[in-house]
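Raw run_21.csv, CSV, C-alpha atoms:
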```csv
chain,number,residue,atom,x,y,z
A,1,MET,CA,16.2,-3.5,2.9
A,2,GLU,CA,13.5,-5.8,1.7
A,3,ILE,CA,12.2,-5.6,-1.9
A,4,GLY,CA,8.5,-6.1,-2.5
A,5,ILE,CA,6.4,-5.8,-5.7
A,6,GLY,CA,3.0,-4.4,-6.4
A,7,LEU,CA,0.3,-6.4,-8.1
A,8,PRO,CA,-0.9,-5.1,-11.5
A,9,SER,CA,-4.4,-5.0,-10.1
A,10,THR,CA,-4.7,-1.2,-10.4
A,11,ILE,CA,-4.0,-1.3,-14.2
A,12,PRO,CA,-7.4,-1.4,-16.0
A,13,GLY,CA,-8.0,-4.5,-18.1
A,14,THR,CA,-5.7,-6.7,-16.1
A,15,SER,CA,-7.1,-10.2,-16.0
A,16,ALA,CA,-7.6,-12.5,-13.1
A,17,ARG,CA,-5.1,-14.9,-14.5
A,18,GLN,CA,-2.5,-12.2,-14.8
A,19,ILE,CA,-3.0,-11.2,-11.2
A,20,LEU,CA,-2.7,-14.7,-9.8
A,21,ASP,CA,0.2,-15.7,-12.1
A,22,TRP,CA,1.9,-12.5,-10.9
A,23,ALA,CA,1.4,-13.4,-7.2
A,24,ARG,CA,2.8,-16.9,-7.7
A,25,ALA,CA,5.8,-15.6,-9.7
A,26,ALA,CA,6.5,-12.9,-7.0
A,27,GLU,CA,6.7,-15.6,-4.3
A,28,GLU,CA,8.9,-17.8,-6.5
A,29,HIS,CA,11.3,-15.0,-7.2
A,30,GLY,CA,11.7,-14.2,-3.5
A,31,PHE,CA,10.0,-10.8,-3.2
A,32,SER,CA,9.1,-9.9,0.4
A,33,SER,CA,5.5,-8.6,-0.2
A,34,LEU,CA,2.7,-8.1,-2.7
A,35,GLY,CA,1.2,-4.6,-2.6
A,36,VAL,CA,-2.1,-3.2,-3.8
A,37,ILE,CA,-3.2,0.4,-4.5
A,38,ASP,CA,-6.7,1.7,-3.7
A,39,ARG,CA,-9.1,3.7,-5.9
A,40,LEU,CA,-12.9,3.6,-6.1
A,41,VAL,CA,-13.6,5.5,-9.3
A,42,TYR,CA,-11.2,3.7,-11.5
A,43,GLY,CA,-10.8,0.4,-13.4
A,44,ASN,CA,-8.9,-1.4,-10.6
A,45,THR,CA,-9.9,-4.4,-8.5
A,46,GLU,CA,-10.8,-3.9,-4.9
A,47,PRO,CA,-7.7,-4.2,-2.7
A,48,LEU,CA,-8.7,-6.6,0.1
A,49,VAL,CA,-10.6,-8.9,-2.3
A,50,THR,CA,-7.5,-9.0,-4.5
A,51,LEU,CA,-5.2,-9.8,-1.6
A,52,ALA,CA,-7.5,-12.6,-0.5
A,53,ALA,CA,-7.2,-14.1,-4.0
A,54,ALA,CA,-3.4,-13.7,-3.9
A,55,ALA,CA,-3.3,-15.3,-0.4
A,56,ALA,CA,-5.0,-18.4,-1.9
A,57,VAL,CA,-2.3,-19.0,-4.4
A,58,THR,CA,0.7,-18.2,-2.2
A,59,THR,CA,2.1,-19.4,1.2
A,60,ARG,CA,4.9,-17.1,2.3
A,61,ILE,CA,4.9,-13.7,0.7
A,62,GLY,CA,3.6,-10.7,2.6
A,63,LEU,CA,0.4,-8.9,1.6
A,64,VAL,CA,0.2,-5.1,1.9
A,65,THR,CA,-2.5,-2.5,1.3
A,66,SER,CA,-0.4,0.4,0.1
A,67,VAL,CA,-2.7,2.1,0.9
A,68,LEU,CA,-6.4,1.6,1.7
A,69,ILE,CA,-8.4,4.8,1.5
A,70,VAL,CA,-10.3,4.0,4.7
A,71,PRO,CA,-12.6,7.1,5.2
A,72,SER,CA,-14.3,6.6,1.8
A,73,ARG,CA,-15.8,3.4,3.2
A,74,THR,CA,-19.0,3.7,5.2
A,75,ASN,CA,-18.8,0.9,7.7
A,76,ALA,CA,-15.8,0.6,10.0
A,77,ALA,CA,-17.1,-2.7,11.6
A,78,LEU,CA,-17.4,-4.4,8.2
A,79,LEU,CA,-14.0,-3.1,7.1
A,80,ALA,CA,-12.4,-4.3,10.3
A,81,LYS,CA,-13.9,-7.8,9.7
A,82,GLN,CA,-12.8,-7.8,6.0
A,83,ALA,CA,-9.2,-7.0,7.0
A,84,ALA,CA,-9.1,-9.5,9.8
A,85,THR,CA,-10.5,-12.1,7.4
A,86,VAL,CA,-7.7,-11.5,4.9
A,87,ASN,CA,-5.2,-11.7,7.8
A,88,HIS,CA,-6.8,-15.0,9.0
A,89,LEU,CA,-7.0,-16.6,5.6
A,90,SER,CA,-3.3,-15.7,4.9
A,91,ALA,CA,-2.1,-17.0,8.3
A,92,GLY,CA,-1.1,-13.5,9.5
A,93,ARG,CA,0.6,-12.1,6.3
A,94,LEU,CA,-1.4,-8.9,6.1
A,95,THR,CA,0.1,-5.5,6.7
A,96,LEU,CA,-2.7,-2.9,6.6
A,97,GLY,CA,-1.6,0.4,5.1
A,98,MET,CA,-4.2,3.1,5.4
A,99,ALA,CA,-4.6,6.8,4.6
A,100,VAL,CA,-7.3,9.5,3.9
A,101,GLY,CA,-6.6,9.8,0.2
A,102,GLY,CA,-6.9,12.9,-1.9
A,103,TYR,CA,-9.4,12.2,-4.7
A,104,ARG,CA,-12.8,13.8,-4.2
A,105,ASP,CA,-14.6,11.6,-6.7
A,106,ASP,CA,-13.9,8.5,-4.5
A,107,TYR,CA,-15.7,10.2,-1.7
A,108,ASP,CA,-18.6,11.5,-3.9
A,109,ALA,CA,-19.2,8.0,-5.2
A,110,SER,CA,-19.3,6.7,-1.6
A,111,GLY,CA,-21.6,9.5,-0.4
A,112,VAL,CA,-19.0,10.5,2.2
A,113,PRO,CA,-18.1,14.2,2.7
A,114,PHE,CA,-14.6,14.9,1.4
A,115,ARG,CA,-13.9,17.6,3.9
A,116,GLU,CA,-14.6,15.4,6.8
A,117,ARG,CA,-12.3,12.6,5.8
A,118,GLY,CA,-9.6,13.2,8.4
A,119,LYS,CA,-12.0,13.4,11.3
A,120,ARG,CA,-13.9,10.4,10.0
A,121,PHE,CA,-10.6,8.4,9.6
A,122,ASP,CA,-9.7,8.9,13.3
A,123,ALA,CA,-13.2,7.8,14.4
A,124,MET,CA,-13.0,4.7,12.2
A,125,LEU,CA,-9.5,3.9,13.5
A,126,ASP,CA,-10.9,4.0,17.1
A,127,ASP,CA,-13.7,1.7,16.2
A,128,MET,CA,-11.6,-0.8,14.3
A,129,ALA,CA,-9.0,-0.9,17.1
A,130,GLY,CA,-11.7,-1.9,19.6
A,131,ILE,CA,-13.0,-4.5,17.2
A,132,TRP,CA,-9.6,-6.0,16.7
A,133,ALA,CA,-9.0,-6.0,20.4
A,134,GLY,CA,-12.0,-8.3,20.8
A,135,GLU,CA,-14.5,-5.8,22.4
A,136,PRO,CA,-18.0,-7.3,22.5
A,137,ARG,CA,-20.4,-5.7,20.0
A,138,GLY,CA,-23.5,-7.8,20.2
A,139,PHE,CA,-25.3,-11.0,21.5
A,140,ALA,CA,-22.5,-13.3,20.2
A,141,GLY,CA,-19.7,-11.1,21.6
A,142,ALA,CA,-16.8,-9.8,19.5
A,143,ILE,CA,-16.6,-9.3,15.8
A,144,GLY,CA,-14.3,-12.0,14.4
A,145,PRO,CA,-12.2,-13.6,13.3
A,146,GLN,CA,-9.8,-13.1,16.1
A,147,PRO,CA,-7.1,-12.1,16.5
A,148,GLY,CA,-7.5,-8.9,14.5
A,149,ILE,CA,-4.8,-6.6,13.2
A,150,ASP,CA,-2.0,-5.9,15.6
A,151,ARG,CA,-0.7,-2.3,15.8
A,152,SER,CA,2.7,-3.4,14.6
A,153,ARG,CA,1.1,-4.5,11.3
A,154,ILE,CA,-0.5,-1.1,10.6
A,155,ILE,CA,1.2,1.5,8.5
A,156,PHE,CA,0.0,4.9,7.4
A,157,GLY,CA,0.5,7.0,4.3
A,158,GLY,CA,0.3,10.8,4.2
A,159,ASN,CA,2.8,13.6,4.4
A,160,ASN,CA,1.6,16.0,7.1
A,161,ASP,CA,1.8,16.3,10.9
A,162,ARG,CA,-1.5,14.6,11.4
A,163,ALA,CA,-0.5,11.6,9.4
A,164,PHE,CA,2.9,11.3,11.2
A,165,ALA,CA,1.1,11.5,14.5
A,166,ARG,CA,-1.1,8.6,13.5
A,167,VAL,CA,2.0,6.5,12.8
A,168,ALA,CA,3.3,7.3,16.3
A,169,THR,CA,0.1,6.8,18.2
A,170,ARG,CA,-1.8,4.1,16.2
A,171,GLY,CA,0.6,2.2,14.0
A,172,GLY,CA,3.9,0.6,13.4
A,173,GLY,CA,5.2,2.4,10.3
A,174,TRP,CA,4.8,4.8,7.4
A,175,ILE,CA,4.8,4.4,3.6
A,176,ALA,CA,5.9,7.2,1.3
A,177,GLY,CA,4.4,7.7,-2.1
A,178,SER,CA,6.0,8.0,-5.5
A,179,SER,CA,7.7,11.4,-5.1
A,180,GLY,CA,11.3,10.0,-5.0
A,181,VAL,CA,14.0,9.2,-2.5
A,182,GLU,CA,14.6,12.8,-1.3
A,183,ALA,CA,10.9,13.2,-0.4
A,184,PHE,CA,11.1,9.9,1.3
A,185,GLY,CA,14.1,11.0,3.4
A,186,ARG,CA,12.3,14.2,4.5
A,187,GLY,CA,9.2,12.4,5.5
A,188,ALA,CA,11.1,9.6,7.3
A,189,GLU,CA,12.8,12.2,9.4
A,190,ARG,CA,9.5,13.7,10.4
A,191,VAL,CA,8.1,10.3,11.2
A,192,ARG,CA,11.0,9.5,13.5
A,193,ARG,CA,10.6,12.8,15.2
A,194,ALA,CA,6.9,12.2,15.8
A,195,TRP,CA,7.7,8.7,17.1
A,196,THR,CA,10.1,10.0,19.7
A,197,ASP,CA,7.8,13.0,20.6
A,198,HIS,CA,5.0,10.5,21.4
A,199,GLY,CA,7.2,8.4,23.6
A,200,ARG,CA,7.4,5.3,21.4
A,201,THR,CA,10.4,3.0,21.9
A,202,GLY,CA,12.1,1.1,19.1
A,203,ARG,CA,11.7,2.6,15.6
A,204,PRO,CA,9.0,2.9,13.0
A,205,ARG,CA,9.0,0.7,9.9
A,206,LEU,CA,9.7,2.9,6.8
A,207,MET,CA,8.5,2.0,3.4
A,208,ALA,CA,8.2,3.6,-0.1
A,209,LEU,CA,6.4,3.0,-3.4
A,210,PRO,CA,8.3,3.9,-6.6
A,211,TYR,CA,7.0,2.7,-10.1
A,212,PHE,CA,9.0,0.6,-12.5
A,213,SER,CA,8.5,-0.5,-16.1
A,214,LEU,CA,11.1,-2.8,-17.8
A,215,GLY,CA,11.5,-4.3,-21.3
A,216,ALA,CA,11.0,-3.1,-24.8
A,217,GLN,CA,7.9,-1.1,-24.1
A,218,ALA,CA,9.0,0.3,-20.8
A,219,ARG,CA,8.5,4.0,-21.5
A,220,ALA,CA,5.3,3.5,-23.5
A,221,ASN,CA,3.7,1.4,-20.7
A,222,ALA,CA,4.7,3.9,-18.1
A,223,ALA,CA,3.3,6.9,-20.1
A,224,ALA,CA,0.0,5.0,-20.9
A,225,TYR,CA,-0.8,3.7,-17.4
A,226,LEU,CA,0.6,6.4,-15.1
A,227,GLY,CA,-0.6,9.2,-17.5
A,228,ASP,CA,-4.1,7.8,-17.1
A,229,HIS,CA,-4.0,6.9,-13.4
A,230,TYR,CA,-2.7,10.3,-12.4
A,231,ALA,CA,-4.6,12.4,-15.0
A,232,ILE,CA,-6.8,13.5,-12.1
A,233,GLU,CA,-3.8,15.4,-10.7
A,234,GLY,CA,-3.1,17.3,-13.9
A,235,ALA,CA,0.6,18.2,-14.5
A,236,ARG,CA,1.8,15.8,-11.8
A,237,ALA,CA,1.0,12.9,-14.1
A,238,ASP,CA,4.0,13.8,-16.3
A,239,GLU,CA,6.2,14.1,-13.2
A,240,VAL,CA,5.3,10.6,-12.0
A,241,VAL,CA,5.9,9.2,-15.5
A,242,GLN,CA,9.4,10.9,-15.6
A,243,LYS,CA,10.3,9.3,-12.3
A,244,THR,CA,9.4,5.8,-13.4
A,245,LEU,CA,12.4,3.4,-13.2
A,246,THR,CA,12.7,2.1,-16.8
A,247,ASP,CA,16.1,0.5,-17.0
A,248,ALA,CA,18.0,-1.9,-14.7
A,249,GLU,CA,20.9,0.4,-14.0
A,250,THR,CA,18.7,3.3,-12.8
A,251,LEU,CA,16.6,0.8,-10.8
A,252,ARG,CA,19.6,-0.6,-9.0
A,253,ALA,CA,20.9,2.9,-8.2
A,254,THR,CA,17.5,3.9,-6.9
A,255,VAL,CA,17.2,0.8,-4.7
A,256,THR,CA,20.6,1.6,-3.2
A,257,ALA,CA,19.6,5.2,-2.6
A,258,TYR,CA,16.4,4.1,-0.7
A,259,ASP,CA,18.5,1.7,1.3
A,260,ARG,CA,20.9,4.4,2.3
A,261,ALA,CA,18.1,6.7,3.2
A,262,GLY,CA,16.8,4.2,5.8
A,263,CYS,CA,14.0,2.5,3.9
A,264,ASP,CA,13.0,-0.9,5.4
A,265,GLU,CA,11.0,-2.2,2.5
A,266,LEU,CA,10.7,-0.9,-1.0
A,267,LEU,CA,7.4,-1.8,-2.9
A,268,LEU,CA,8.0,-1.5,-6.6
A,269,PHE,CA,4.8,-1.0,-8.5
A,270,PRO,CA,4.4,-2.0,-12.2
A,271,CYS,CA,3.1,-0.2,-15.2
A,272,GLY,CA,2.2,-3.3,-17.2
A,273,ALA,CA,0.3,-6.5,-16.4
A,274,ASP,CA,2.5,-9.0,-18.1
A,275,PRO,CA,3.8,-11.4,-15.3
A,276,ASP,CA,7.2,-11.4,-17.1
A,277,GLN,CA,7.7,-8.0,-15.5
A,278,VAL,CA,8.3,-10.0,-12.2
A,279,ARG,CA,11.2,-11.9,-13.7
A,280,LEU,CA,12.7,-8.7,-15.2
A,281,LEU,CA,12.5,-6.9,-11.9
A,282,ALA,CA,14.0,-9.9,-10.0
A,283,GLU,CA,16.9,-10.0,-12.4
A,284,ALA,CA,17.5,-6.2,-12.1
A,285,VAL,CA,17.7,-6.1,-8.3
A,286,ARG,CA,19.8,-9.3,-7.8
```
For the file at hand, write its structure as structure tokens.
Amino acid sequence: MEIGIGLPSTIPGTSARQILDWARAAEEHGFSSLGVIDRLVYGNTEPLVTLAAAAAVTTRIGLVTSVLIVPSRTNAALLAKQAATVNHLSAGRLTLGMAVGGYRDDYDASGVPFRERGKRFDAMLDDMAGIWAGEPRGFAGAIGPQPGIDRSRIIFGGNNDRAFARVATRGGGWIAGSSGVEAFGRGAERVRRAWTDHGRTGRPRLMALPYFSLGAQARANAAAYLGDHYAIEGARADEVVQKTLTDAETLRATVTAYDRAGCDELLLFPCGADPDQVRLLAEAVR
């Protein structure tokens, strides 16, 4: 199983220097990927712009949107071009994770009907697939840069039959949220079943996204950041805080559990913006 690390770009107040230093440190310590989380109505940086910046200061490490809330955006053609541009500028390092999302305020701020997000998502996926395949859209032909995003580099989030069907028919893999290894295992089994039911060969790529926080202020940082980020979900905020990996022993045991459950890549997301968290995580998982 590969071990990736999230950027602290979702933590309000994180500076540009911290994000770029973090990206460099993650590559130096051998992590497989850098992940970004999407919100609109929050104090985070925009995911694709952030990954473009990370691409400029790295050469090897993968770049993952985990996940991009696609239907809250209003222009599929522009989004397809933005994603293809990040992939081009990074020499093919982008894995595009997408989902519908569950926060109504992100949709209200975009002027997009929340109840129509699933239908809108599928329509946008159709449009983007055509763009990435090079379909002509105007006088100059295709929307570039080409090539676009290959299906094998697309993953989906979500935990229902419709989401699992998207994995099997439109993508190459699935990413679980922060609900723990048992929830990952249940979702992974449903993804595999959908994959087989839709006649796909090979196997889907399976990923997961737990939170970590290490060092002297581990618990305080987890409570402060995750309590704020998930406050919109009410009581679940406390649940997410409690599941945060805050010591090396628990972290190593959790990594092992995900590996045994069939996870291909674990993206560990931080609760603090100090780039020294990269070193602490690298030491914990060695």
From the list A:Thr256, A:Ala80, A:Thr95, A:Arg219, the nearest residue to Asp238 of chain A using all atoms listed in the file is A:Arg219
Centre and edge lengths of an axis-aligned box around all listed atoms of segment 154-169 of chain A, with 8 Å added on each side, are to be given in Å to one decimal, as lines of an AutoDock Vina configuration file.
```
center_x = 0.9
center_y = 7.6
center_z = 11.2
size_x = 20.8
size_y = 33.4
size_z = 30.0
```
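Interatomic distance, atom CA of Gly158 of chain A to atom CA of Ser178 of chain A: 11.6 Å.
Near (9.9, 10.1, -16.6), the residues that fall inside 12 Å on the basis of all atoms listed in the file are Ser178, Ser179, Gly180, Pro210, Tyr211, Phe212, Ser213, Ala218, Arg219, Ala220, Asn221, Ala222, Ala223, Ala224, Leu226, Gly227, Arg236, Ala237, Asp238, Glu239, Val240, Val241, Gln242, Lys243, Thr244, Leu245, Thr246, Asp247 and Thr250 of chain A.
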Ala23 of chain A proximity check over A:Gln277, A:Met128, A:Tyr107, A:Asn159, using all atoms listed in the file: winner is A:Gln277
Shell of 7 Å around Ile37 of chain A, all atoms listed in the file, local chain residues under 6 positions omitted, as a ChimeraX atom specification | /A:10,47,65-67
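Residue nearest Ala165 of chain A within the list A:Thr196, A:Gly138, A:Ile149, A:Val70: A:Thr196 [criterion: smallest interatomic distance, all atoms listed in the file].
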Atom CA of Ala257 of chain A to atom CA of Gly35 of chain A: how many Å, to one decimal?
->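 Separating atom CA of Ala257 of chain A from atom CA of Gly35 of chain A is a distance of 20.8 Å.
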Counting all atoms listed in the file, what is within 10 Å of Arg166 of chain A, bar same-chain residues fewer than 4 positions away, as a PyMOL selection string?
-> chain A and resi 99+122+125+155-158+161-162+170-174+191+194-195
Would you mind exporting the chosen residues as a PDB file, in the frame of the given file, restricted to C-alpha atoms?
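Writing the result to again11.pdb gives the following:
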```pdb
ATOM      1  CA  ALA A  99      -4.600   6.800   4.600  1.00  0.00           C
ATOM      2  CA  ASP A 122      -9.700   8.900  13.300  1.00  0.00           C
ATOM      3  CA  LEU A 125      -9.500   3.900  13.500  1.00  0.00           C
ATOM      4  CA  ILE A 155       1.200   1.500   8.500  1.00  0.00           C
ATOM      5  CA  PHE A 156       0.000   4.900   7.400  1.00  0.00           C
ATOM      6  CA  GLY A 157       0.500   7.000   4.300  1.00  0.00           C
ATOM      7  CA  GLY A 158       0.300  10.800   4.200  1.00  0.00           C
ATOM      8  CA  ASP A 161       1.800  16.300  10.900  1.00  0.00           C
ATOM      9  CA  ARG A 162      -1.500  14.600  11.400  1.00  0.00           C
ATOM     10  CA  ARG A 170      -1.800   4.100  16.200  1.00  0.00           C
ATOM     11  CA  GLY A 171       0.600   2.200  14.000  1.00  0.00           C
ATOM     12  CA  GLY A 172       3.900   0.600  13.400  1.00  0.00           C
ATOM     13  CA  GLY A 173       5.200   2.400  10.300  1.00  0.00           C
ATOM     14  CA  TRP A 174       4.800   4.800   7.400  1.00  0.00           C
ATOM     15  CA  VAL A 191       8.100  10.300  11.200  1.00  0.00           C
ATOM     16  CA  ALA A 194       6.900  12.200  15.800  1.00  0.00           C
ATOM     17  CA  TRP A 195       7.700   8.700  17.100  1.00  0.00           C
TER      18      TRP A 195
END
```
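For the choices A:Arg104, A:Lys81, A:Arg60, A:Arg192, the atom-to-atom distance to Glu28 of chain A is smallest for A:Arg60 when using all atoms listed in the file.
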Counting all atoms listed in the file, the option among A:Asp197, A:Ala133, A:Val181, A:Tyr230 closest to Thr254 of chain A | A:Val181
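The nearest approach to Leu34 of chain A among the residues A:Arg93, A:His88, A:Arg17, A:Arg137, with only C-alpha atoms taken into account, belongs to A:Arg93.
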Who sits within 9 Å of segment 262-267 of chain A, only C-alpha atoms, same chain under 4 positions skipped, as an MDAnalysis selection string | chainID A and resid 1:6 32:35 66 184:185 188 205:211 255 257:258
Atom CA of Gly30 of chain A to atom CA of Ala284 of chain A, straight-line distance in Å =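 The value is 13.1 Å.
By chain and then residue number, the residues within 10 Å of Tyr103 of chain A are Arg39, Leu40, Val41, Ile69, Ser72, Val100, Gly101, Asp105, Asp106, Tyr107, Asp108, Phe114, Ile232 and Glu233 of chain A, counting all atoms listed in the file and disregarding those fewer than 2 positions away in sequence.
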Which residues, written as a PyMOL selection string, have at least one atom at most 12 Å from Thr45 of chain A, with all atoms listed in the file counted and residues fewer than 6 positions away on the same chain left out?
-> chain A and resi 7-16+19+36-39+51-53
